[in-house]
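The file final02.tsv contains TSV, N, CA and C atoms:
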chain	number	residue	atom	x	y	z
Z	1	MET	N	43.59	7.99	-12.62
Z	1	MET	CA	42.63	7.09	-12.01
Z	1	MET	C	41.92	7.79	-10.85
Z	2	GLY	N	42.66	8.56	-10.07
Z	2	GLY	CA	42.08	9.28	-8.94
Z	2	GLY	C	41.04	10.30	-9.37
Z	3	PHE	N	41.31	11.05	-10.46
Z	3	PHE	CA	40.36	12.03	-10.96
Z	3	PHE	C	39.06	11.36	-11.41
Z	4	VAL	N	39.17	10.22	-12.03
Z	4	VAL	CA	37.99	9.49	-12.49
Z	4	VAL	C	37.15	9.02	-11.30
Z	5	CYS	N	37.81	8.50	-10.28
Z	5	CYS	CA	37.09	8.02	-9.09
Z	5	CYS	C	36.37	9.16	-8.38
Z	6	VAL	N	37.04	10.29	-8.21
Z	6	VAL	CA	36.42	11.44	-7.54
Z	6	VAL	C	35.21	11.92	-8.32
Z	7	THR	N	35.32	11.96	-9.65
Z	7	THR	CA	34.20	12.38	-10.49
Z	7	THR	C	33.03	11.42	-10.37
Z	8	LEU	N	33.31	10.12	-10.39
Z	8	LEU	CA	32.24	9.12	-10.27
Z	8	LEU	C	31.55	9.19	-8.92
Z	9	ILE	N	32.30	9.42	-7.86
Z	9	ILE	CA	31.71	9.53	-6.53
Z	9	ILE	C	30.79	10.76	-6.47
Z	10	GLY	N	31.23	11.85	-7.07
Z	10	GLY	CA	30.39	13.06	-7.12
Z	10	GLY	C	29.11	12.83	-7.89
Z	11	LEU	N	29.19	12.08	-8.98
Z	11	LEU	CA	28.00	11.78	-9.77
Z	11	LEU	C	27.06	10.84	-9.03
Z	12	MET	N	27.61	9.93	-8.24
Z	12	MET	CA	26.76	9.02	-7.46
Z	12	MET	C	25.94	9.80	-6.43
Z	13	ALA	N	26.54	10.77	-5.77
Z	13	ALA	CA	25.82	11.57	-4.80
Z	13	ALA	C	24.67	12.34	-5.46
Z	14	THR	N	24.94	12.90	-6.62
Z	14	THR	CA	23.90	13.63	-7.35
Z	14	THR	C	22.79	12.67	-7.78
Z	15	GLY	N	23.15	11.50	-8.25
Z	15	GLY	CA	22.17	10.50	-8.67
Z	15	GLY	C	21.30	10.03	-7.53
Z	16	LEU	N	21.90	9.78	-6.37
Z	16	LEU	CA	21.13	9.36	-5.20
Z	16	LEU	C	20.16	10.45	-4.75
Z	17	SER	N	20.59	11.69	-4.80
Z	17	SER	CA	19.72	12.80	-4.43
Z	17	SER	C	18.52	12.88	-5.38
Z	18	SER	N	18.76	12.69	-6.66
Z	18	SER	CA	17.68	12.71	-7.64
Z	18	SER	C	16.70	11.57	-7.41
Z	19	ILE	N	17.22	10.40	-7.08
Z	19	ILE	CA	16.36	9.25	-6.81
Z	19	ILE	C	15.49	9.51	-5.58
Z	20	GLN	N	16.05	10.10	-4.53
Z	20	GLN	CA	15.28	10.39	-3.32
Z	20	GLN	C	14.17	11.40	-3.60
Z	21	LYS	N	14.47	12.44	-4.38
Z	21	LYS	CA	13.46	13.44	-4.72
Z	21	LYS	C	12.35	12.82	-5.56
Z	22	SER	N	12.73	11.96	-6.50
Z	22	SER	CA	11.75	11.29	-7.35
Z	22	SER	C	10.86	10.38	-6.52
Z	23	ASN	N	11.44	9.66	-5.58
Z	23	ASN	CA	10.67	8.78	-4.71
Z	23	ASN	C	9.70	9.58	-3.86
Z	24	ALA	N	10.15	10.70	-3.31
Z	24	ALA	CA	9.27	11.55	-2.48
Z	24	ALA	C	8.11	12.09	-3.31
Z	25	THR	N	8.37	12.48	-4.54
Z	25	THR	CA	7.31	12.98	-5.42
Z	25	THR	C	6.30	11.87	-5.71
Z	26	SER	N	6.78	10.68	-5.95
Z	26	SER	CA	5.90	9.54	-6.21
Z	26	SER	C	5.01	9.22	-5.00
Z	27	VAL	N	5.60	9.21	-3.82
Z	27	VAL	CA	4.85	8.93	-2.60
Z	27	VAL	C	3.81	10.02	-2.37
Z	28	GLN	N	4.17	11.27	-2.59
Z	28	GLN	CA	3.21	12.35	-2.39
Z	28	GLN	C	2.06	12.26	-3.38
Z	29	SER	N	2.31	11.79	-4.58
Z	29	SER	CA	1.24	11.57	-5.55
Z	29	SER	C	0.27	10.50	-5.04
Z	30	GLN	N	0.80	9.45	-4.44
Z	30	GLN	CA	-0.04	8.41	-3.85
Z	30	GLN	C	-0.87	8.98	-2.71
Z	31	ILE	N	-0.27	9.84	-1.90
Z	31	ILE	CA	-0.98	10.45	-0.78
Z	31	ILE	C	-2.13	11.32	-1.28
Z	32	ILE	N	-1.88	12.11	-2.31
Z	32	ILE	CA	-2.94	12.95	-2.88
Z	32	ILE	C	-4.08	12.08	-3.38
Z	33	GLN	N	-3.76	10.98	-4.05
Z	33	GLN	CA	-4.81	10.07	-4.54
Z	33	GLN	C	-5.61	9.49	-3.37
Z	34	GLU	N	-4.94	9.14	-2.29
Z	34	GLU	CA	-5.62	8.62	-1.10
Z	34	GLU	C	-6.56	9.67	-0.50
Z	35	VAL	N	-6.11	10.91	-0.44
Z	35	VAL	CA	-6.96	11.99	0.09
Z	35	VAL	C	-8.19	12.18	-0.80
Z	36	ILE	N	-7.99	12.15	-2.11
Z	36	ILE	CA	-9.11	12.28	-3.04
Z	36	ILE	C	-10.10	11.14	-2.84
Z	37	ASN	N	-9.59	9.92	-2.69
Z	37	ASN	CA	-10.47	8.78	-2.45
Z	37	ASN	C	-11.24	8.93	-1.14
Z	38	ASN	N	-10.57	9.44	-0.10
Z	38	ASN	CA	-11.24	9.64	1.19
Z	38	ASN	C	-12.36	10.66	1.09
Z	39	THR	N	-12.12	11.76	0.36
Z	39	THR	CA	-13.15	12.79	0.26
Z	39	THR	C	-14.32	12.33	-0.60
Z	40	GLN	N	-14.05	11.52	-1.61
Z	40	GLN	CA	-15.15	11.02	-2.44
Z	40	GLN	C	-16.06	10.09	-1.65
Z	41	GLY	N	-15.50	9.39	-0.69
Z	41	GLY	CA	-16.29	8.48	0.13
Z	41	GLY	C	-16.90	9.14	1.35
Z	42	ALA	N	-16.47	10.36	1.67
Z	42	ALA	CA	-16.96	11.05	2.86
Z	42	ALA	C	-18.23	11.83	2.56
Z	43	SER	N	-19.01	12.09	3.58
Z	43	SER	CA	-20.18	12.94	3.42
Z	43	SER	C	-19.71	14.37	3.23
Z	44	TYR	N	-20.37	15.08	2.33
Z	44	TYR	CA	-20.00	16.46	2.03
Z	44	TYR	C	-20.26	17.34	3.24
Z	45	THR	N	-19.29	18.17	3.59
Z	45	THR	CA	-19.43	19.11	4.68
Z	45	THR	C	-18.68	20.38	4.33
Z	46	THR	N	-19.15	21.50	4.84
Z	46	THR	CA	-18.50	22.78	4.52
Z	46	THR	C	-17.32	23.07	5.42
Z	47	ASN	N	-17.11	22.28	6.45
Z	47	ASN	CA	-15.99	22.51	7.36
Z	47	ASN	C	-15.12	21.26	7.44
Z	48	TYR	N	-14.72	20.75	6.29
Z	48	TYR	CA	-13.92	19.53	6.25
Z	48	TYR	C	-12.49	19.85	6.69
Z	49	ALA	N	-12.01	19.14	7.68
Z	49	ALA	CA	-10.63	19.32	8.14
Z	49	ALA	C	-10.18	18.01	8.79
Z	50	THR	N	-9.01	17.57	8.41
Z	50	THR	CA	-8.48	16.34	8.98
Z	50	THR	C	-6.97	16.28	8.79
Z	51	ASN	N	-6.34	15.46	9.59
Z	51	ASN	CA	-4.93	15.15	9.41
Z	51	ASN	C	-4.83	13.66	9.11
Z	52	LEU	N	-4.11	13.32	8.08
Z	52	LEU	CA	-3.89	11.93	7.71
Z	52	LEU	C	-2.39	11.65	7.77
Z	53	TYR	N	-2.04	10.44	8.18
Z	53	TYR	CA	-0.63	10.09	8.38
Z	53	TYR	C	-0.26	8.93	7.46
Z	54	PHE	N	0.96	8.98	6.91
Z	54	PHE	CA	1.41	7.98	5.95
Z	54	PHE	C	2.85	7.59	6.25
Z	55	ASP	N	3.18	6.35	5.92
Z	55	ASP	CA	4.56	5.88	6.11
Z	55	ASP	C	5.42	6.25	4.90
Z	56	ASP	N	6.64	5.75	4.86
Z	56	ASP	CA	7.57	6.13	3.79
Z	56	ASP	C	7.18	5.59	2.42
Z	57	GLU	N	6.20	4.69	2.35
Z	57	GLU	CA	5.73	4.15	1.08
Z	57	GLU	C	4.39	4.74	0.66
Z	58	GLY	N	3.85	5.66	1.47
Z	58	GLY	CA	2.58	6.28	1.14
Z	58	GLY	C	1.38	5.50	1.63
Z	59	THR	N	1.60	4.54	2.51
Z	59	THR	CA	0.50	3.74	3.08
Z	59	THR	C	-0.02	4.44	4.32
Z	60	ALA	N	-1.34	4.56	4.43
Z	60	ALA	CA	-1.95	5.23	5.58
Z	60	ALA	C	-1.64	4.49	6.87
Z	61	VAL	N	-1.38	5.24	7.93
Z	61	VAL	CA	-1.20	4.67	9.27
Z	61	VAL	C	-2.30	5.22	10.17
Z	62	SER	N	-2.38	4.74	11.37
Z	62	SER	CA	-3.47	5.07	12.29
Z	62	SER	C	-3.66	6.57	12.45
Z	63	THR	N	-4.93	7.00	12.45
Z	63	THR	CA	-5.25	8.42	12.64
Z	63	THR	C	-6.08	8.65	13.89
Z	64	THR	N	-6.28	7.61	14.70
Z	64	THR	CA	-7.11	7.75	15.89
Z	64	THR	C	-6.39	7.26	17.13
Z	65	GLY	N	-6.85	7.72	18.26
Z	65	GLY	CA	-6.33	7.27	19.54
Z	65	GLY	C	-4.94	7.80	19.86
Z	66	THR	N	-4.32	7.17	20.83
Z	66	THR	CA	-3.00	7.62	21.28
Z	66	THR	C	-1.90	7.22	20.31
Z	67	THR	N	-2.20	6.33	19.37
Z	67	THR	CA	-1.19	5.90	18.40
Z	67	THR	C	-1.28	6.69	17.10
Z	68	ALA	N	-2.08	7.75	17.07
Z	68	ALA	CA	-2.25	8.53	15.84
Z	68	ALA	C	-0.91	9.06	15.36
Z	69	GLY	N	-0.58	8.73	14.13
Z	69	GLY	CA	0.64	9.23	13.53
Z	69	GLY	C	1.89	8.44	13.88
Z	70	THR	N	1.77	7.37	14.67
Z	70	THR	CA	2.94	6.57	15.04
Z	70	THR	C	3.50	5.90	13.80
Z	71	GLY	N	4.77	6.09	13.56
Z	71	GLY	CA	5.43	5.51	12.40
Z	71	GLY	C	5.23	6.32	11.12
Z	72	ALA	N	4.60	7.46	11.23
Z	72	ALA	CA	4.33	8.27	10.05
Z	72	ALA	C	5.55	9.07	9.63
Z	73	ILE	N	5.78	9.13	8.33
Z	73	ILE	CA	6.82	9.95	7.76
Z	73	ILE	C	6.20	11.20	7.15
Z	74	TYR	N	5.01	11.03	6.57
Z	74	TYR	CA	4.30	12.14	5.92
Z	74	TYR	C	3.02	12.45	6.69
Z	75	THR	N	2.70	13.75	6.81
Z	75	THR	CA	1.44	14.20	7.38
Z	75	THR	C	0.73	15.04	6.33
Z	76	ALA	N	-0.51	14.67	6.04
Z	76	ALA	CA	-1.33	15.44	5.10
Z	76	ALA	C	-2.40	16.16	5.90
Z	77	SER	N	-2.33	17.49	5.93
Z	77	SER	CA	-3.33	18.31	6.61
Z	77	SER	C	-4.31	18.82	5.56
Z	78	VAL	N	-5.58	18.48	5.74
Z	78	VAL	CA	-6.60	18.84	4.76
Z	78	VAL	C	-7.55	19.84	5.40
Z	79	THR	N	-7.77	20.96	4.70
Z	79	THR	CA	-8.73	21.97	5.15
Z	79	THR	C	-9.59	22.40	3.96
Z	80	SER	N	-10.77	22.92	4.26
Z	80	SER	CA	-11.66	23.37	3.19
Z	80	SER	C	-11.89	24.87	3.29
Z	81	THR	N	-12.10	25.49	2.14
Z	81	THR	CA	-12.42	26.92	2.07
Z	81	THR	C	-13.50	27.12	1.02
Z	82	VAL	N	-14.12	28.29	1.05
Z	82	VAL	CA	-15.12	28.62	0.05
Z	82	VAL	C	-14.44	28.63	-1.31
Z	83	ALA	N	-15.08	28.01	-2.28
Z	83	ALA	CA	-14.49	27.88	-3.60
Z	83	ALA	C	-14.69	29.15	-4.42
Z	84	CYS	N	-13.59	29.75	-4.85
Z	84	CYS	CA	-13.66	30.89	-5.74
Z	84	CYS	C	-12.49	30.81	-6.71
Z	85	ILE	N	-12.66	31.39	-7.88
Z	85	ILE	CA	-11.62	31.36	-8.90
Z	85	ILE	C	-11.35	32.77	-9.39
Z	86	PRO	N	-10.12	33.07	-9.80
Z	86	PRO	CA	-9.83	34.39	-10.35
Z	86	PRO	C	-10.54	34.59	-11.70
Z	87	THR	N	-10.98	35.80	-11.94
Z	87	THR	CA	-11.64	36.10	-13.22
Z	87	THR	C	-10.92	37.26	-13.89
Z	88	GLY	N	-9.89	36.99	-14.61
Z	88	GLY	CA	-9.21	38.02	-15.39
Z	88	GLY	C	-8.12	38.75	-14.64
Z	89	THR	N	-8.45	39.37	-13.53
Z	89	THR	CA	-7.44	40.11	-12.77
Z	89	THR	C	-7.22	39.43	-11.43
Z	90	SER	N	-6.12	39.72	-10.80
Z	90	SER	CA	-5.79	39.06	-9.55
Z	90	SER	C	-6.64	39.55	-8.37
Z	91	THR	N	-7.37	40.64	-8.54
Z	91	THR	CA	-8.15	41.17	-7.42
Z	91	THR	C	-9.64	40.86	-7.54
Z	92	VAL	N	-10.08	40.30	-8.64
Z	92	VAL	CA	-11.49	39.99	-8.84
Z	92	VAL	C	-11.66	38.47	-8.83
Z	93	TYR	N	-12.57	37.99	-7.97
Z	93	TYR	CA	-12.81	36.56	-7.88
Z	93	TYR	C	-14.28	36.26	-8.12
Z	94	GLN	N	-14.51	35.15	-8.77
Z	94	GLN	CA	-15.87	34.67	-9.01
Z	94	GLN	C	-16.06	33.45	-8.13
Z	95	PHE	N	-17.10	33.45	-7.33
Z	95	PHE	CA	-17.35	32.30	-6.46
Z	95	PHE	C	-18.00	31.18	-7.24
Z	96	LEU	N	-17.56	29.97	-6.97
Z	96	LEU	CA	-18.16	28.80	-7.58
Z	96	LEU	C	-19.51	28.55	-6.91
Z	97	PRO	N	-20.34	27.71	-7.47
Z	97	PRO	CA	-21.64	27.43	-6.85
Z	97	PRO	C	-21.48	26.99	-5.41
Z	98	ALA	N	-22.53	27.23	-4.62
Z	98	ALA	CA	-22.48	26.93	-3.19
Z	98	ALA	C	-22.30	25.45	-2.90
Z	99	ASP	N	-22.44	24.61	-3.91
Z	99	ASP	CA	-22.30	23.18	-3.68
Z	99	ASP	C	-20.90	22.66	-4.00
Z	100	SER	N	-19.90	23.53	-3.92
Z	100	SER	CA	-18.52	23.09	-4.10
Z	100	SER	C	-17.60	23.94	-3.22
Z	101	GLN	N	-16.46	23.39	-2.92
Z	101	GLN	CA	-15.47	24.10	-2.11
Z	101	GLN	C	-14.07	23.64	-2.51
Z	102	LEU	N	-13.09	24.37	-2.05
Z	102	LEU	CA	-11.70	24.02	-2.32
Z	102	LEU	C	-11.13	23.26	-1.14
Z	103	LEU	N	-10.48	22.16	-1.42
Z	103	LEU	CA	-9.74	21.44	-0.40
Z	103	LEU	C	-8.27	21.76	-0.58
Z	104	GLN	N	-7.64	22.18	0.49
Z	104	GLN	CA	-6.21	22.46	0.46
Z	104	GLN	C	-5.51	21.36	1.23
Z	105	ILE	N	-4.57	20.70	0.56
Z	105	ILE	CA	-3.85	19.57	1.14
Z	105	ILE	C	-2.39	19.97	1.28
Z	106	LYS	N	-1.92	20.02	2.52
Z	106	LYS	CA	-0.52	20.35	2.80
Z	106	LYS	C	0.19	19.08	3.26
Z	107	ILE	N	1.24	18.72	2.55
Z	107	ILE	CA	1.98	17.51	2.89
Z	107	ILE	C	3.34	17.90	3.44
Z	108	LYS	N	3.61	17.41	4.67
Z	108	LYS	CA	4.90	17.63	5.31
Z	108	LYS	C	5.58	16.28	5.50
Z	109	SER	N	6.89	16.30	5.40
Z	109	SER	CA	7.68	15.09	5.57
Z	109	SER	C	8.61	15.25	6.77
Z	110	LYS	N	8.71	14.21	7.58
Z	110	LYS	CA	9.64	14.26	8.71
Z	110	LYS	C	11.09	14.32	8.23
Z	111	SER	N	11.36	13.72	7.08
Z	111	SER	CA	12.73	13.70	6.58
Z	111	SER	C	13.16	15.05	5.99
Z	112	ASN	N	12.19	15.91	5.65
Z	112	ASN	CA	12.50	17.24	5.12
Z	112	ASN	C	11.45	18.22	5.63
Z	113	PRO	N	11.47	18.55	6.93
Z	113	PRO	CA	10.40	19.36	7.53
Z	113	PRO	C	10.34	20.80	7.04
Z	114	SER	N	11.37	21.29	6.41
Z	114	SER	CA	11.35	22.67	5.94
Z	114	SER	C	10.55	22.84	4.66
Z	115	VAL	N	10.19	21.73	4.01
Z	115	VAL	CA	9.45	21.78	2.75
Z	115	VAL	C	8.03	21.29	2.97
Z	116	THR	N	7.06	22.13	2.60
Z	116	THR	CA	5.65	21.75	2.64
Z	116	THR	C	5.09	21.90	1.24
Z	117	ASN	N	4.61	20.81	0.68
Z	117	ASN	CA	3.98	20.86	-0.63
Z	117	ASN	C	2.48	21.03	-0.45
Z	118	THR	N	1.90	21.96	-1.19
Z	118	THR	CA	0.48	22.27	-1.07
Z	118	THR	C	-0.22	21.99	-2.39
Z	119	PHE	N	-1.33	21.28	-2.29
Z	119	PHE	CA	-2.15	20.95	-3.44
Z	119	PHE	C	-3.57	21.42	-3.17
Z	120	THR	N	-4.26	21.87	-4.20
Z	120	THR	CA	-5.63	22.36	-4.05
Z	120	THR	C	-6.51	21.66	-5.08
Z	121	LEU	N	-7.70	21.25	-4.65
Z	121	LEU	CA	-8.64	20.65	-5.58
Z	121	LEU	C	-10.05	21.10	-5.25
Z	122	VAL	N	-10.94	21.07	-6.25
Z	122	VAL	CA	-12.34	21.44	-6.05
Z	122	VAL	C	-13.09	20.20	-5.62
Z	123	TRP	N	-13.84	20.32	-4.51
Z	123	TRP	CA	-14.64	19.21	-3.99
Z	123	TRP	C	-16.11	19.54	-4.22
Z	124	PRO	N	-16.73	18.95	-5.24
Z	124	PRO	CA	-18.14	19.25	-5.51
Z	124	PRO	C	-19.06	18.43	-4.60
Z	125	ASN	N	-20.22	18.98	-4.33
Z	125	ASN	CA	-21.22	18.26	-3.55
Z	125	ASN	C	-21.99	17.38	-4.53
Z	126	THR	N	-21.78	16.07	-4.41
Z	126	THR	CA	-22.45	15.13	-5.31
Z	126	THR	C	-23.67	14.50	-4.67
Z	127	GLY	N	-24.10	15.05	-3.54
Z	127	GLY	CA	-25.28	14.54	-2.87
Z	127	GLY	C	-25.00	13.51	-1.81
Z	128	ASN	N	-23.71	13.30	-1.48
Z	128	ASN	CA	-23.37	12.32	-0.42
Z	128	ASN	C	-23.64	12.91	0.94
Could I get this structure in the form of structure tokens?
Amino acid sequence: MGFVCVTLIGLMATGLSSIQKSNATSVQSQIIQEVINNTQGASYTTNYATNLYFDDEGTAVSTTGTTAGTGAIYTASVTSTVACIPTGTSTVYQFLPADSQLLQIKIKSKSNPSVTNTFTLVWPNTGN
């Protein structure tokens, strides 16, 4: 009976860890969608940079004033760079048209500060 209990307790710890990782991945997906929605509604600029703050459920929290980031678990740092893509070899790059750029989104979590997930997307100039 003791061996069975010890095994079940070990499996519970592994299961809880998997659930936490799955939840974090889900929340980060929501954050990425929020950032995409923000950039689609924003005026196009070549020097786009911002920090966005989110709670443990992926809901945006205040980004202005002295309360910026209060209650935030996740921080999404967004920066823009000239858009270029590799062409065949790792040392040759082809630049995308001047009306697009790459947005790099780095998501950090207070609960796991040693891990930063980075996502990149192309932000085209749609005339906004």
(message) Restricting the calculation to only N, CA and C atoms: of Z:Ile31, Z:Leu102, Z:Ala13, Z:Asn117, which residue gets closest to Thr59 of chain Z?
(response)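 That would be Z:Ile31, the residue with the smallest distance to Thr59 of chain Z.
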(request) Have a look at atom N of Ser18 of chain Z and atom CA of Ile73 of chain Z and let me know their distance in Å, one decimal. (result)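 We find that atom N of Ser18 of chain Z and atom CA of Ile73 of chain Z lie 18.9 Å from each other.
Atom N of Glu57 of chain Z sits 29.6 Å away from atom C of Pro124 of chain Z.
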(message) Neighbouring residues of Ser29 of chain Z were defined as those with any atom within 12 Å, considering only C-alpha atoms; residues of the same chain fewer than 5 positions away were excluded. Please report them as an NGL selection string.
(response) :Z and (22-24 or 34-36 or 57-59 or 74 or 76 or 105 or 107 or 117-119)
(request) Compare Z:Ala60, Z:Thr45, Z:Leu103, Z:Asn51 by their minimum atom-to-atom distance to Thr120 of chain Z, counting only C-alpha atoms, and give me the closest one. (result)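 Of all the options, Z:Leu103 lies closest to Thr120 of chain Z.
Atom to atom, atom CA of Ser111 of chain Z and atom C of Tyr48 of chain Z stand 26.0 Å apart.
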(request) Counting only N, CA and C atoms, figure out which residue out of Z:Thr7, Z:Ser109, Z:Ser114, Z:Ser80 gets nearest to Asn47 of chain Z. (result) Z:Ser80
From the block you just saw, export segment 14-33 of chain Z: N, CA and C atoms, as a CSV table (one decimal), in the first residue's frame.
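File written: part30.csv
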chain,number,residue,atom,x,y,z
Z,14,THR,N,4.0,15.5,-11.0
Z,14,THR,CA,4.3,15.6,-12.4
Z,14,THR,C,3.1,16.1,-13.1
Z,15,GLY,N,1.9,15.7,-12.8
Z,15,GLY,CA,0.7,16.2,-13.4
Z,15,GLY,C,0.4,17.6,-13.2
Z,16,LEU,N,0.7,18.1,-11.9
Z,16,LEU,CA,0.5,19.5,-11.6
Z,16,LEU,C,1.5,20.4,-12.3
Z,17,SER,N,2.7,19.9,-12.5
Z,17,SER,CA,3.7,20.7,-13.2
Z,17,SER,C,3.3,20.8,-14.7
Z,18,SER,N,2.8,19.7,-15.3
Z,18,SER,CA,2.3,19.8,-16.7
Z,18,SER,C,1.1,20.7,-16.8
Z,19,ILE,N,0.2,20.7,-15.9
Z,19,ILE,CA,-0.9,21.6,-15.9
Z,19,ILE,C,-0.5,23.1,-15.9
Z,20,GLN,N,0.5,23.4,-15.0
Z,20,GLN,CA,1.0,24.8,-14.9
Z,20,GLN,C,1.7,25.2,-16.2
Z,21,LYS,N,2.5,24.3,-16.8
Z,21,LYS,CA,3.1,24.7,-18.0
Z,21,LYS,C,2.1,24.9,-19.1
Z,22,SER,N,1.1,24.1,-19.2
Z,22,SER,CA,0.0,24.2,-20.2
Z,22,SER,C,-0.7,25.5,-20.0
Z,23,ASN,N,-1.0,25.9,-18.7
Z,23,ASN,CA,-1.7,27.1,-18.5
Z,23,ASN,C,-0.9,28.3,-18.9
Z,24,ALA,N,0.4,28.3,-18.6
Z,24,ALA,CA,1.3,29.4,-18.9
Z,24,ALA,C,1.4,29.5,-20.5
Z,25,THR,N,1.4,28.4,-21.2
Z,25,THR,CA,1.4,28.5,-22.6
Z,25,THR,C,0.1,29.1,-23.2
Z,26,SER,N,-1.0,28.7,-22.6
Z,26,SER,CA,-2.3,29.2,-23.0
Z,26,SER,C,-2.4,30.7,-22.8
Z,27,VAL,N,-1.9,31.2,-21.6
Z,27,VAL,CA,-1.9,32.6,-21.3
Z,27,VAL,C,-1.0,33.4,-22.2
Z,28,GLN,N,0.1,32.8,-22.5
Z,28,GLN,CA,1.0,33.5,-23.4
Z,28,GLN,C,0.5,33.6,-24.8
Z,29,SER,N,-0.3,32.6,-25.2
Z,29,SER,CA,-1.0,32.7,-26.5
Z,29,SER,C,-2.0,33.9,-26.5
Z,30,GLN,N,-2.7,34.0,-25.4
Z,30,GLN,CA,-3.6,35.1,-25.3
Z,30,GLN,C,-2.9,36.5,-25.4
Z,31,ILE,N,-1.8,36.5,-24.7
Z,31,ILE,CA,-1.0,37.8,-24.7
Z,31,ILE,C,-0.5,38.1,-26.1
Z,32,ILE,N,0.0,37.1,-26.9
Z,32,ILE,CA,0.4,37.4,-28.3
Z,32,ILE,C,-0.8,37.9,-29.1
Z,33,GLN,N,-1.9,37.3,-28.9
Z,33,GLN,CA,-3.1,37.8,-29.7
Z,33,GLN,C,-3.4,39.2,-29.3
